[in-house]
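Colleague: Sending over my_file.txt (compact mmCIF, C-alpha atoms).
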```
# COMPACT_ATOMS: atom_id res chain seq x y z
CA MET A 102 5.61 19.97 -44.98
CA ARG A 103 6.25 20.69 -41.32
CA TYR A 104 2.97 22.58 -41.05
CA LEU A 105 1.11 19.71 -42.69
CA TYR A 106 2.59 17.34 -40.10
CA LEU A 107 1.46 19.62 -37.26
CA ILE A 108 -2.05 19.79 -38.68
CA MET A 109 -2.21 15.99 -38.93
CA LEU A 110 -0.90 15.63 -35.36
CA ALA A 111 -3.49 18.10 -34.07
CA SER A 112 -6.24 16.17 -35.83
CA LEU A 113 -5.03 12.91 -34.30
CA LEU A 114 -4.95 14.40 -30.79
CA SER A 115 -8.40 15.86 -31.32
CA ALA A 116 -9.71 12.44 -32.38
CA CYS A 117 -8.23 10.86 -29.26
CA ALA A 118 -9.87 13.47 -27.05
CA THR A 119 -13.19 12.96 -28.79
CA SER A 120 -12.95 9.20 -28.28
CA LYS A 121 -12.58 9.77 -24.54
CA LEU A 122 -15.72 11.90 -24.56
CA THR A 123 -17.76 9.31 -26.43
CA LEU A 124 -16.69 6.15 -24.58
CA THR A 125 -19.61 4.34 -23.01
CA ASN A 126 -19.69 2.66 -19.63
CA ASP A 127 -19.66 -0.74 -21.32
CA GLU A 128 -16.57 0.24 -23.32
CA ILE A 129 -14.74 1.31 -20.14
CA VAL A 130 -15.60 -1.99 -18.50
CA SER A 131 -14.29 -3.80 -21.57
CA LYS A 132 -11.05 -1.83 -21.53
CA ILE A 133 -10.56 -2.53 -17.82
CA ASN A 134 -11.04 -6.24 -18.42
CA GLN A 135 -8.49 -6.08 -21.24
CA ILE A 136 -5.94 -4.59 -18.84
CA GLY A 137 -6.62 -7.42 -16.42
CA LYS A 138 -6.01 -10.02 -19.11
CA LYS A 139 -2.84 -8.25 -20.28
CA TYR A 140 -1.31 -8.54 -16.82
CA GLY A 141 -2.51 -12.04 -15.99
CA VAL A 142 -5.16 -11.10 -13.44
CA GLY A 143 -7.19 -14.23 -12.72
CA ARG A 144 -9.95 -12.42 -10.84
CA LEU A 145 -10.59 -8.70 -11.20
CA GLY A 146 -12.81 -6.60 -8.95
CA VAL A 147 -13.57 -2.92 -9.55
CA SER A 148 -16.00 -0.43 -8.09
CA ALA A 149 -15.90 3.28 -8.81
CA LYS A 150 -18.39 6.07 -8.20
CA ASN A 151 -18.33 9.57 -9.63
CA PHE A 152 -19.60 11.85 -6.84
CA VAL A 153 -20.53 14.59 -9.33
CA THR A 154 -22.64 12.58 -11.78
CA GLY A 155 -23.43 9.48 -9.72
CA GLU A 156 -22.15 7.22 -12.48
CA THR A 157 -20.61 3.93 -11.37
CA ILE A 158 -18.23 1.39 -12.86
CA GLN A 159 -18.57 -2.15 -11.60
CA ILE A 160 -16.78 -5.42 -12.28
CA ASN A 161 -17.35 -8.25 -9.80
CA ALA A 162 -18.08 -5.44 -7.37
CA ASP A 163 -20.00 -7.63 -4.90
CA SER A 164 -17.52 -10.52 -4.98
CA LEU A 165 -15.30 -11.25 -1.99
CA PHE A 166 -11.59 -10.46 -2.23
CA PRO A 167 -8.72 -10.67 0.26
CA THR A 168 -8.15 -7.29 1.92
CA ALA A 169 -4.46 -7.54 2.79
CA SER A 170 -3.58 -4.10 4.23
CA VAL A 171 -6.73 -2.45 2.85
CA ILE A 172 -8.34 -3.64 6.11
CA LYS A 173 -6.35 -0.94 7.90
CA VAL A 174 -8.89 1.68 6.82
CA PRO A 175 -11.75 -0.04 8.71
CA ILE A 176 -9.38 -0.37 11.69
CA LEU A 177 -8.66 3.37 11.54
CA VAL A 178 -12.38 4.12 11.38
CA GLU A 179 -13.04 2.00 14.47
CA LEU A 180 -10.20 3.76 16.31
CA PHE A 181 -11.82 7.16 15.71
CA TYR A 182 -15.13 5.84 16.99
CA LYS A 183 -13.29 4.79 20.15
CA PHE A 184 -11.86 8.31 20.42
CA GLU A 185 -15.32 9.85 19.98
CA GLU A 186 -16.83 7.51 22.59
CA GLY A 187 -14.13 8.47 25.07
CA LYS A 188 -12.84 4.91 25.35
CA LEU A 189 -9.41 5.82 23.96
CA LYS A 190 -7.35 9.00 23.78
CA LYS A 191 -5.16 10.18 20.95
CA ASP A 192 -2.28 11.24 23.18
CA THR A 193 -2.08 7.98 25.14
CA LEU A 194 1.50 6.73 25.04
CA ILE A 195 1.82 3.26 23.55
CA SER A 196 4.86 1.32 24.74
CA PHE A 197 6.10 -1.69 22.86
CA ASP A 198 8.98 -4.08 23.20
CA ASP A 199 10.51 -6.63 20.87
CA SER A 200 7.75 -9.16 21.60
CA LEU A 201 5.17 -6.83 20.02
CA LYS A 202 7.00 -6.34 16.73
CA TYR A 203 5.75 -7.94 13.52
CA GLY A 204 7.35 -8.39 10.13
CA GLY A 205 6.26 -7.26 6.71
CA SER A 206 5.67 -3.61 5.91
CA GLY A 207 6.42 -0.74 8.26
CA VAL A 208 9.19 0.77 10.35
CA LEU A 209 8.24 0.12 13.98
CA GLN A 210 9.74 -3.36 13.80
CA TYR A 211 13.13 -1.63 13.58
CA PHE A 212 12.64 0.64 16.59
CA TYR A 213 14.64 -0.05 19.72
CA ASP A 214 13.12 -2.10 22.52
CA GLY A 215 10.91 -0.02 24.83
CA ALA A 216 9.95 2.66 22.29
CA LYS A 217 6.92 4.85 23.04
CA LEU A 218 4.60 6.70 20.66
CA LYS A 219 1.28 8.49 20.94
CA LEU A 220 -1.62 6.29 19.87
CA ILE A 221 -2.60 8.70 17.08
CA ASP A 222 0.96 8.59 15.70
CA VAL A 223 0.86 4.80 15.74
CA ALA A 224 -2.38 5.00 13.72
CA VAL A 225 -0.80 7.38 11.20
CA LEU A 226 2.06 4.93 10.62
CA MET A 227 -0.52 2.17 10.14
CA ILE A 228 -1.91 4.05 7.13
CA ILE A 229 0.88 6.07 5.55
CA LEU A 230 3.54 3.32 5.77
CA SER A 231 1.14 0.37 6.13
CA ASP A 232 2.98 -0.55 9.33
CA ASN A 233 1.95 -4.02 10.55
CA THR A 234 3.32 -3.56 14.05
CA ALA A 235 1.41 -0.28 14.34
CA THR A 236 -1.77 -2.00 13.14
CA ASN A 237 -1.56 -4.67 15.80
CA LEU A 238 -0.79 -2.10 18.49
CA VAL A 239 -4.00 -0.27 17.51
CA LEU A 240 -5.99 -3.51 17.56
CA ASP A 241 -4.59 -4.31 21.02
CA CYS A 242 -6.27 -1.14 22.32
CA PHE A 243 -9.73 -2.36 21.32
CA ALA A 244 -10.03 -5.33 23.71
CA ASP A 245 -8.09 -7.86 25.76
CA GLU A 246 -8.90 -11.02 23.80
CA HIS A 247 -7.84 -11.54 20.19
CA ASP A 248 -11.30 -12.29 18.81
CA ALA A 249 -12.84 -9.36 20.69
CA LYS A 250 -10.32 -7.02 19.05
CA LEU A 251 -11.44 -8.22 15.64
CA GLU A 252 -15.13 -8.07 16.51
CA ALA A 253 -14.82 -4.41 17.45
CA VAL A 254 -13.93 -3.68 13.82
CA ASN A 255 -16.38 -6.18 12.32
CA ASN A 256 -19.34 -4.96 14.35
CA ARG A 257 -18.59 -1.36 13.39
CA MET A 258 -18.49 -2.24 9.72
CA LYS A 259 -21.89 -3.94 10.03
CA GLU A 260 -23.28 -0.82 11.72
CA LEU A 261 -22.07 1.21 8.76
CA GLY A 262 -23.73 -1.16 6.30
CA LEU A 263 -20.59 -2.97 5.17
CA ASN A 264 -21.96 -6.48 5.51
CA ASN A 265 -19.25 -8.15 3.44
CA THR A 266 -16.18 -6.77 5.21
CA LYS A 267 -14.46 -8.74 7.94
CA ILE A 268 -11.05 -8.84 9.62
CA LEU A 269 -10.02 -12.42 10.40
CA ASN A 270 -6.68 -12.04 12.14
CA LYS A 271 -4.03 -9.61 13.31
CA LEU A 272 -1.37 -8.72 10.76
CA MET A 273 1.50 -11.20 10.28
CA SER A 274 0.30 -13.02 13.38
CA PHE A 275 0.61 -16.66 12.43
CA LYS A 276 0.06 -17.95 15.97
CA THR A 277 -3.48 -16.56 16.07
CA LYS A 278 -4.51 -17.53 12.54
CA LYS A 279 -7.41 -19.94 12.48
CA LYS A 280 -7.74 -22.89 10.12
CA THR A 281 -11.25 -22.04 8.98
CA PRO A 282 -11.99 -22.09 5.24
CA GLU A 283 -12.33 -18.30 5.13
CA ALA A 284 -9.07 -17.75 7.02
CA MET A 285 -7.24 -20.14 4.72
CA ARG A 286 -8.72 -18.47 1.64
CA PHE A 287 -8.54 -14.78 2.55
CA GLY A 288 -5.81 -14.46 5.17
CA VAL A 289 -6.14 -11.34 7.29
CA GLY A 290 -9.59 -10.38 6.01
CA TYR A 291 -12.04 -10.03 3.17
CA THR A 292 -14.21 -7.37 1.59
CA THR A 293 -15.87 -6.40 -1.69
CA PRO A 294 -15.07 -3.48 -3.99
CA ASN A 295 -18.56 -2.09 -3.36
CA ASP A 296 -18.12 -2.23 0.41
CA MET A 297 -14.90 -0.24 0.20
CA VAL A 298 -16.44 2.39 -2.09
CA LYS A 299 -19.36 2.65 0.32
CA LEU A 300 -16.97 3.32 3.21
CA LEU A 301 -15.06 5.88 1.15
CA GLU A 302 -18.30 7.60 0.20
CA LEU A 303 -19.35 7.79 3.86
CA LEU A 304 -16.03 9.45 4.62
CA ALA A 305 -16.27 11.83 1.66
CA ASN A 306 -19.79 12.85 2.72
CA GLY A 307 -18.72 13.43 6.33
CA LYS A 308 -20.89 10.61 7.67
CA VAL A 309 -18.27 8.69 9.64
CA ILE A 310 -19.10 10.17 13.04
CA ASN A 311 -19.18 13.78 11.76
CA PRO A 312 -17.70 15.91 8.96
CA GLU A 313 -14.69 17.01 11.03
CA ILE A 314 -13.64 13.49 11.99
CA SER A 315 -14.31 12.16 8.50
CA ALA A 316 -12.03 14.89 7.13
CA GLU A 317 -9.34 13.98 9.68
CA ILE A 318 -9.40 10.34 8.58
CA ILE A 319 -9.23 11.39 4.92
CA ASN A 320 -6.30 13.70 5.64
CA ILE A 321 -4.35 10.82 7.15
CA MET A 322 -5.04 8.77 4.02
CA LYS A 323 -3.89 11.67 1.82
CA ASN A 324 -0.42 11.27 3.32
CA ASN A 325 -0.11 7.65 2.19
CA GLN A 326 3.42 7.11 0.87
CA ASP A 327 2.53 4.34 -1.61
CA TYR A 328 2.83 5.54 -5.22
CA GLU A 329 3.18 2.13 -6.85
CA MET A 330 -0.48 1.54 -7.74
CA MET A 331 -3.41 3.98 -7.75
CA LYS A 332 -1.32 7.15 -7.80
CA ARG A 333 1.37 5.83 -10.15
CA TYR A 334 0.16 7.45 -13.40
CA LEU A 335 -1.88 10.31 -11.96
CA SER A 336 -0.66 13.89 -12.09
CA GLU A 337 0.97 15.39 -8.99
CA ASN A 338 -1.82 17.98 -9.12
CA VAL A 339 -4.36 15.28 -8.29
CA THR A 340 -4.94 14.64 -4.59
CA VAL A 341 -5.55 11.03 -3.60
CA ALA A 342 -6.56 9.67 -0.19
CA ASN A 343 -5.83 5.97 -0.51
CA LYS A 344 -4.76 2.72 1.08
CA SER A 345 -3.19 -0.17 -0.79
CA GLY A 346 -2.87 -3.84 0.05
CA SER A 347 -0.56 -6.58 -1.19
CA ILE A 348 -0.14 -10.29 -0.63
CA ASP A 349 1.44 -12.94 -2.82
CA LYS A 350 -1.08 -13.13 -5.67
CA MET A 351 -3.32 -10.17 -4.82
CA LYS A 352 -2.79 -6.44 -5.17
CA ALA A 353 -5.39 -3.81 -4.30
CA ASP A 354 -5.82 -0.09 -3.82
CA ILE A 355 -8.81 1.91 -2.62
CA GLY A 356 -9.15 5.65 -2.42
CA ILE A 357 -10.87 8.97 -2.99
CA VAL A 358 -9.55 10.95 -5.96
CA TYR A 359 -9.84 14.74 -5.97
CA ALA A 360 -9.38 16.42 -9.37
CA LYS A 361 -10.34 19.96 -10.35
CA CYS A 362 -13.54 18.92 -12.08
CA VAL A 363 -14.53 15.72 -10.29
CA THR A 364 -14.26 13.73 -7.09
CA TYR A 365 -14.74 9.99 -7.09
CA ALA A 366 -14.13 6.87 -5.03
CA VAL A 367 -12.53 3.76 -6.47
CA ALA A 368 -11.59 0.27 -5.28
CA ILE A 369 -9.46 -1.99 -7.48
CA PHE A 370 -8.65 -5.60 -6.59
CA CYS A 371 -6.41 -7.82 -8.74
CA ASP A 372 -6.53 -11.37 -7.38
CA GLU A 373 -5.16 -14.74 -8.52
CA LEU A 374 -2.28 -13.08 -10.34
CA SER A 375 -0.13 -15.22 -12.63
CA GLU A 376 3.02 -14.35 -10.69
CA VAL A 377 4.15 -13.85 -7.10
CA SER A 378 6.22 -10.69 -6.95
CA TYR A 379 6.74 -7.70 -4.68
CA ALA A 380 8.85 -5.77 -7.18
CA VAL A 381 7.80 -2.20 -7.93
CA ASP A 382 6.90 -3.12 -11.51
CA ASN A 383 5.11 -6.40 -10.78
CA LYS A 384 2.09 -7.20 -12.91
CA GLY A 385 -0.41 -6.52 -10.15
CA HIS A 386 0.92 -3.04 -9.47
CA LEU A 387 0.91 -2.18 -13.16
CA ALA A 388 -2.63 -3.52 -13.64
CA VAL A 389 -4.01 -1.44 -10.76
CA ALA A 390 -2.09 1.62 -11.99
CA GLU A 391 -3.39 1.38 -15.56
CA ILE A 392 -6.96 0.75 -14.42
CA SER A 393 -6.74 3.73 -12.07
CA LYS A 394 -5.55 6.01 -14.88
CA LEU A 395 -8.20 4.73 -17.27
CA ILE A 396 -10.96 5.44 -14.74
CA PHE A 397 -9.51 8.89 -14.08
CA ASP A 398 -9.49 9.72 -17.79
CA TYR A 399 -13.04 8.43 -18.17
CA PHE A 400 -14.50 10.38 -15.25
CA THR A 401 -12.64 13.57 -16.16
CA LYS A 402 -13.22 13.14 -19.91
CA GLY A 403 -9.59 14.15 -20.36
CA ASN A 404 -10.51 17.75 -19.57
CA CYS A 405 -9.05 18.31 -16.10
CA LYS A 406 -6.03 17.31 -14.06
```
I'd like the structure from this file rewritten - as structure tokens, please.

Modeller:
Amino acid sequence: MRYLYLIMLASLLSACATSKLTLTNDEIVSKINQIGKKYGVGRLGVSAKNFVTGETIQINADSLFPTASVIKVPILVELFYKFEEGKLKKDTLISFDDSLKYGGSGVLQYFYDGAKLKLIDVAVLMIILSDNTATNLVLDCFADEHDAKLEAVNNRMKELGLNNTKILNKLMSFKTKKKTPEAMRFGVGYTTPNDMVKLLELLANGKVINPEISAEIINIMKNNQDYEMMKRYLSENVTVANKSGSIDKMKADIGIVYAKCVTYAVAIFCDELSEVSYAVDNKGHLAVAEISKLIFDYFTKGNCK
């Protein structure tokens, strides 16, 4: 009887594996939408591209979504352009006092008054801990005036072909926030899933300045300490270079996923959530995590980790 049970279990597992192999693109899109509905996602945006086969997955991929902290990747890219142009140096010491500290995510807000860090270390904290104070310190290096700081990033994104990506304000900086319709709607910035996948693909292909600098940016992203969304259900053997973003009713994660048999870029945005929560197991985090795992299984066909 025990052997019969094992045979039946093996057949069931085989059927599940076969179903993964035979899923169509339309079926994956349908399953992703079902996950969105399950977790009360009012507006779902997904773009994913398999770099081996060229296959894409798209759901509202050209629609605008709030960036939240996802905008920190474009800021990092602009910083490296400034390094390459000789306008900024990695080892420049950045001093900051209490007046330059901002709330929200990050650790620099808790440093003692008068702390100093190398500019490149400030940038690392901006990505791996999503540090808001670090982000604004980086932006402050781009120009003297607030709008000019933002335009440095926005103009660079346009040069790279990201025509629907824009930073609208410094992080957690309510004094500088404008009352324009786009600022009221999107907060710190907006983008599209396709724009973010395009930027990730440029990095993966070594086309942000050059292959060495692209790899350096990716390596910083690989050290991201956020495991609540994209990386949540992926094996520890899978390398992910990602950046997440979170505001009240929007959760997002973008990244490059490196598995043994495939590399792909993915951007997942869950907007207009049915709840406002920053708990680890909030609906937005779980939706992004499940969608990320589903896309991983689809692109790998369940055959590699």

Colleague: Looking at all atoms listed in the file, which of A:Ser206, A:Ala224, A:Gln159, A:Met258 is the one that sits closest to Tyr379 (chain A)?

Modeller: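 Of A:Ser206, A:Ala224, A:Gln159, A:Met258, the one nearest Tyr379 (chain A), counting all atoms listed in the file, is A:Ser206.
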
Colleague: Find, counting only C-alpha atoms, the residue in A:Lys132, A:Lys402, A:Lys352, A:Lys332 that gets nearest to Asn383 (chain A).

Modeller: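 Selected residue with least distance to Asn383 (chain A): A:Lys352.
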
Colleague: By how many Å are CA of Val339 (chain A) and CA of Tyr399 (chain A) apart?

Modeller: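 CA of Tyr399 (chain A) lies at a distance of 14.8 Å from CA of Val339 (chain A).
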
Colleague: As a compact mmCIF listing (two decimals) with C-alpha atoms, keeping the file's coordinate frame, please: the residues near Asp232 (chain A) (cut-off 10 Å, all atoms listed in the file, same-chain neighbours under 2 positions excluded).

Modeller:
```txt
# COMPACT_ATOMS: atom_id res chain seq x y z
CA SER A 170 -3.58 -4.10 4.23
CA LYS A 173 -6.35 -0.94 7.90
CA TYR A 203 5.75 -7.94 13.52
CA GLY A 204 7.35 -8.39 10.13
CA GLY A 205 6.26 -7.26 6.71
CA SER A 206 5.67 -3.61 5.91
CA GLY A 207 6.42 -0.74 8.26
CA VAL A 208 9.19 0.77 10.35
CA LEU A 209 8.24 0.12 13.98
CA GLN A 210 9.74 -3.36 13.80
CA VAL A 223 0.86 4.80 15.74
CA ALA A 224 -2.38 5.00 13.72
CA VAL A 225 -0.80 7.38 11.20
CA LEU A 226 2.06 4.93 10.62
CA MET A 227 -0.52 2.17 10.14
CA ILE A 228 -1.91 4.05 7.13
CA ILE A 229 0.88 6.07 5.55
CA LEU A 230 3.54 3.32 5.77
CA THR A 234 3.32 -3.56 14.05
CA ALA A 235 1.41 -0.28 14.34
CA THR A 236 -1.77 -2.00 13.14
CA ASN A 237 -1.56 -4.67 15.80
CA LEU A 272 -1.37 -8.72 10.76
```

Colleague: Out of A:Leu300, A:Ile172, A:Lys394, A:Leu124, which residue has the shortest atom-to-atom distance to Leu251 (chain A) when counting all atoms listed in the file?

Modeller: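 Smallest separation from Leu251 (chain A) among the options: A:Ile172.
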
Colleague: Nearest residue to Gly262 (chain A) out of A:Lys299, A:Lys361, A:Lys350, A:Lys183, using all atoms listed in the file?

Modeller: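 Closest residue, counting all atoms listed in the file: A:Lys299.
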
Colleague: With 9 Å as the threshold, what does the neighbourhood of (-10.8, 7.3, 14.8) contain in terms of residues, counting all atoms listed in the file? Coordinates are those of the file; answer as a list in words.

Modeller: Ile176, Leu177, Val178, Glu179, Leu180, Phe181, Tyr182, Lys183, Phe184, Glu185, Lys191, Ile221, Ala224, Ile310, Ile314, Ser315, Glu317 and Ile318 of chain A

Colleague: Mind writing the picked residues with C-alpha atoms as a compact mmCIF listing (two decimals), in the coordinates of the input?

Modeller:
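Written output follows (result-v3.txt):
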```
# COMPACT_ATOMS: atom_id res chain seq x y z
CA ILE A 176 -9.38 -0.37 11.69
CA LEU A 177 -8.66 3.37 11.54
CA VAL A 178 -12.38 4.12 11.38
CA GLU A 179 -13.04 2.00 14.47
CA LEU A 180 -10.20 3.76 16.31
CA PHE A 181 -11.82 7.16 15.71
CA TYR A 182 -15.13 5.84 16.99
CA LYS A 183 -13.29 4.79 20.15
CA PHE A 184 -11.86 8.31 20.42
CA GLU A 185 -15.32 9.85 19.98
CA LYS A 191 -5.16 10.18 20.95
CA ILE A 221 -2.60 8.70 17.08
CA ALA A 224 -2.38 5.00 13.72
CA ILE A 310 -19.10 10.17 13.04
CA ILE A 314 -13.64 13.49 11.99
CA SER A 315 -14.31 12.16 8.50
CA GLU A 317 -9.34 13.98 9.68
CA ILE A 318 -9.40 10.34 8.58
```

Colleague: What does the distance from CA of Lys202 (chain A) to CA of Lys271 (chain A) come to in Å, to one decimal?

Modeller: 12.0 Å

Colleague: So what do you get for CA of Pro282 (chain A) versus CA of Ala149 (chain A), distance-wise?

Modeller: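 Value for the CA of Pro282 (chain A)-CA of Ala149 (chain A) distance: 29.3 Å.
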
Colleague: Restricting the calculation to all atoms listed in the file: of A:Asn320, A:Ser347, A:Thr125, A:Thr281, which residue gets closest to Ala305 (chain A)?

Modeller: A:Asn320

Colleague: Identify the residues within 8 Å of coordinate (-4.0, 11.9, 24.0) (same frame as the file), considering all atoms listed in the file, and give the answer as a PDB file with C-alpha atoms, in the frame of the given file.

Modeller:
```pdb
ATOM      1  CA  LYS A 190      -7.350   9.000  23.780  1.00  0.00           C
ATOM      2  CA  LYS A 191      -5.160  10.180  20.950  1.00  0.00           C
ATOM      3  CA  ASP A 192      -2.280  11.240  23.180  1.00  0.00           C
ATOM      4  CA  THR A 193      -2.080   7.980  25.140  1.00  0.00           C
ATOM      5  CA  LEU A 194       1.500   6.730  25.040  1.00  0.00           C
ATOM      6  CA  LYS A 219       1.280   8.490  20.940  1.00  0.00           C
ATOM      7  CA  LEU A 220      -1.620   6.290  19.870  1.00  0.00           C
ATOM      8  CA  ILE A 221      -2.600   8.700  17.080  1.00  0.00           C
TER       9      ILE A 221
END
```

Colleague: Give me, as a compact mmCIF listing (two decimals) with C-alpha atoms, keeping the file's coordinate frame, all polymer residues having an atom no more than 8 Å from Val289 (chain A), counting all atoms listed in the file and skipping those fewer than 2 positions away in the same chain.

Modeller:
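The resulting file, around31.txt, is shown below:
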```
# COMPACT_ATOMS: atom_id res chain seq x y z
CA PRO A 167 -8.72 -10.67 0.26
CA THR A 168 -8.15 -7.29 1.92
CA ALA A 169 -4.46 -7.54 2.79
CA ILE A 268 -11.05 -8.84 9.62
CA LEU A 269 -10.02 -12.42 10.40
CA ASN A 270 -6.68 -12.04 12.14
CA LYS A 271 -4.03 -9.61 13.31
CA LEU A 272 -1.37 -8.72 10.76
CA ALA A 284 -9.07 -17.75 7.02
CA PHE A 287 -8.54 -14.78 2.55
CA TYR A 291 -12.04 -10.03 3.17
```

Colleague: Would you compute an axis-aligned box for region 381-395 of chain A, covering every atom listed for it in the file with 8 Å of margin on each side, and report centre and edge lengths in Å to one decimal as AutoDock Vina command-line options?

Modeller:
```
--center_x -0.2 --center_y -0.6 --center_z -12.6 --size_x 32.0 --size_y 29.2 --size_z 25.3
```

Colleague: Show which residues sit within 12 Å of Ser393 (chain A), as a ChimeraX atom specification. Count only C-alpha atoms, and ignore same-chain residues fewer than 5 positions away.

Modeller: /A:129,132-133,136-137,147-149,158,328-336,341,343,353-358,365-370,386-388,398-400

Colleague: Counting only C-alpha atoms, what is within 8 Å of Val153 (chain A), bar same-chain residues fewer than 2 positions away, as a PyMOL selection string?

Modeller: chain A and resi 151+155+363-365

Colleague: Go through A:Leu263, A:Leu189, A:Ile392, A:Ile195 one by one, measure the shortest atom-to-atom distance of each to Val130 (chain A) using only C-alpha atoms, and give the residue with the smallest value.

Modeller: A:Ile392

Colleague: Generate the coordinates of N, CA, C and O atoms for region 373-389 of chain A; report them as a PDB file, in the coordinates of the input.

Modeller:
```pdb
ATOM      1  N   GLU A 373      -5.580 -13.551  -7.760  1.00  0.00           N
ATOM      2  CA  GLU A 373      -5.160 -14.740  -8.520  1.00  0.00           C
ATOM      3  C   GLU A 373      -4.243 -14.344  -9.674  1.00  0.00           C
ATOM      4  O   GLU A 373      -4.425 -14.763 -10.820  1.00  0.00           O
ATOM      5  N   LEU A 374      -3.251 -13.512  -9.340  1.00  0.00           N
ATOM      6  CA  LEU A 374      -2.280 -13.080 -10.340  1.00  0.00           C
ATOM      7  C   LEU A 374      -1.446 -14.260 -10.835  1.00  0.00           C
ATOM      8  O   LEU A 374      -1.266 -15.251 -10.127  1.00  0.00           O
ATOM      9  N   SER A 375      -0.896 -14.125 -12.020  1.00  0.00           N
ATOM     10  CA  SER A 375      -0.130 -15.220 -12.630  1.00  0.00           C
ATOM     11  C   SER A 375       1.283 -15.306 -12.080  1.00  0.00           C
ATOM     12  O   SER A 375       2.001 -16.252 -12.397  1.00  0.00           O
ATOM     13  N   GLU A 376       1.688 -14.321 -11.271  1.00  0.00           N
ATOM     14  CA  GLU A 376       3.020 -14.350 -10.690  1.00  0.00           C
ATOM     15  C   GLU A 376       2.981 -13.892  -9.244  1.00  0.00           C
ATOM     16  O   GLU A 376       2.063 -13.182  -8.829  1.00  0.00           O
ATOM     17  N   VAL A 377       3.961 -14.333  -8.472  1.00  0.00           N
ATOM     18  CA  VAL A 377       4.150 -13.850  -7.100  1.00  0.00           C
ATOM     19  C   VAL A 377       5.359 -12.928  -7.122  1.00  0.00           C
ATOM     20  O   VAL A 377       6.483 -13.369  -7.370  1.00  0.00           O
ATOM     21  N   SER A 378       5.130 -11.643  -6.903  1.00  0.00           N
ATOM     22  CA  SER A 378       6.220 -10.690  -6.950  1.00  0.00           C
ATOM     23  C   SER A 378       5.880  -9.464  -6.108  1.00  0.00           C
ATOM     24  O   SER A 378       4.724  -9.024  -6.071  1.00  0.00           O
ATOM     25  N   TYR A 379       6.885  -8.942  -5.436  1.00  0.00           N
ATOM     26  CA  TYR A 379       6.740  -7.700  -4.680  1.00  0.00           C
ATOM     27  C   TYR A 379       7.596  -6.591  -5.283  1.00  0.00           C
ATOM     28  O   TYR A 379       7.797  -5.556  -4.664  1.00  0.00           O
ATOM     29  N   ALA A 380       8.077  -6.804  -6.493  1.00  0.00           N
ATOM     30  CA  ALA A 380       8.850  -5.770  -7.180  1.00  0.00           C
ATOM     31  C   ALA A 380       7.960  -4.577  -7.509  1.00  0.00           C
ATOM     32  O   ALA A 380       6.740  -4.714  -7.656  1.00  0.00           O
ATOM     33  N   VAL A 381       8.562  -3.420  -7.636  1.00  0.00           N
ATOM     34  CA  VAL A 381       7.800  -2.200  -7.930  1.00  0.00           C
ATOM     35  C   VAL A 381       6.978  -2.355  -9.201  1.00  0.00           C
ATOM     36  O   VAL A 381       5.825  -1.931  -9.267  1.00  0.00           O
ATOM     37  N   ASP A 382       7.565  -2.982 -10.223  1.00  0.00           N
ATOM     38  CA  ASP A 382       6.900  -3.120 -11.510  1.00  0.00           C
ATOM     39  C   ASP A 382       6.242  -4.483 -11.700  1.00  0.00           C
ATOM     40  O   ASP A 382       6.130  -4.968 -12.825  1.00  0.00           O
ATOM     41  N   ASN A 383       5.780  -5.105 -10.606  1.00  0.00           N
ATOM     42  CA  ASN A 383       5.110  -6.400 -10.780  1.00  0.00           C
ATOM     43  C   ASN A 383       3.780  -6.202 -11.503  1.00  0.00           C
ATOM     44  O   ASN A 383       3.230  -5.095 -11.567  1.00  0.00           O
ATOM     45  N   LYS A 384       3.274  -7.286 -12.057  1.00  0.00           N
ATOM     46  CA  LYS A 384       2.090  -7.200 -12.910  1.00  0.00           C
ATOM     47  C   LYS A 384       0.860  -6.656 -12.183  1.00  0.00           C
ATOM     48  O   LYS A 384       0.054  -5.926 -12.764  1.00  0.00           O
ATOM     49  N   GLY A 385       0.728  -7.012 -10.907  1.00  0.00           N
ATOM     50  CA  GLY A 385      -0.410  -6.520 -10.150  1.00  0.00           C
ATOM     51  C   GLY A 385      -0.384  -5.016  -9.964  1.00  0.00           C
ATOM     52  O   GLY A 385      -1.400  -4.328 -10.133  1.00  0.00           O
ATOM     53  N   HIS A 386       0.781  -4.485  -9.620  1.00  0.00           N
ATOM     54  CA  HIS A 386       0.920  -3.040  -9.470  1.00  0.00           C
ATOM     55  C   HIS A 386       0.591  -2.318 -10.768  1.00  0.00           C
ATOM     56  O   HIS A 386      -0.131  -1.313 -10.779  1.00  0.00           O
ATOM     57  N   LEU A 387       1.118  -2.823 -11.867  1.00  0.00           N
ATOM     58  CA  LEU A 387       0.910  -2.180 -13.160  1.00  0.00           C
ATOM     59  C   LEU A 387      -0.558  -2.257 -13.595  1.00  0.00           C
ATOM     60  O   LEU A 387      -1.092  -1.304 -14.180  1.00  0.00           O
ATOM     61  N   ALA A 388      -1.208  -3.378 -13.291  1.00  0.00           N
ATOM     62  CA  ALA A 388      -2.630  -3.520 -13.640  1.00  0.00           C
ATOM     63  C   ALA A 388      -3.469  -2.502 -12.879  1.00  0.00           C
ATOM     64  O   ALA A 388      -4.308  -1.797 -13.466  1.00  0.00           O
ATOM     65  N   VAL A 389      -3.256  -2.409 -11.566  1.00  0.00           N
ATOM     66  CA  VAL A 389      -4.010  -1.440 -10.760  1.00  0.00           C
ATOM     67  C   VAL A 389      -3.736  -0.026 -11.254  1.00  0.00           C
ATOM     68  O   VAL A 389      -4.654   0.796 -11.383  1.00  0.00           O
TER      69      VAL A 389
END
```
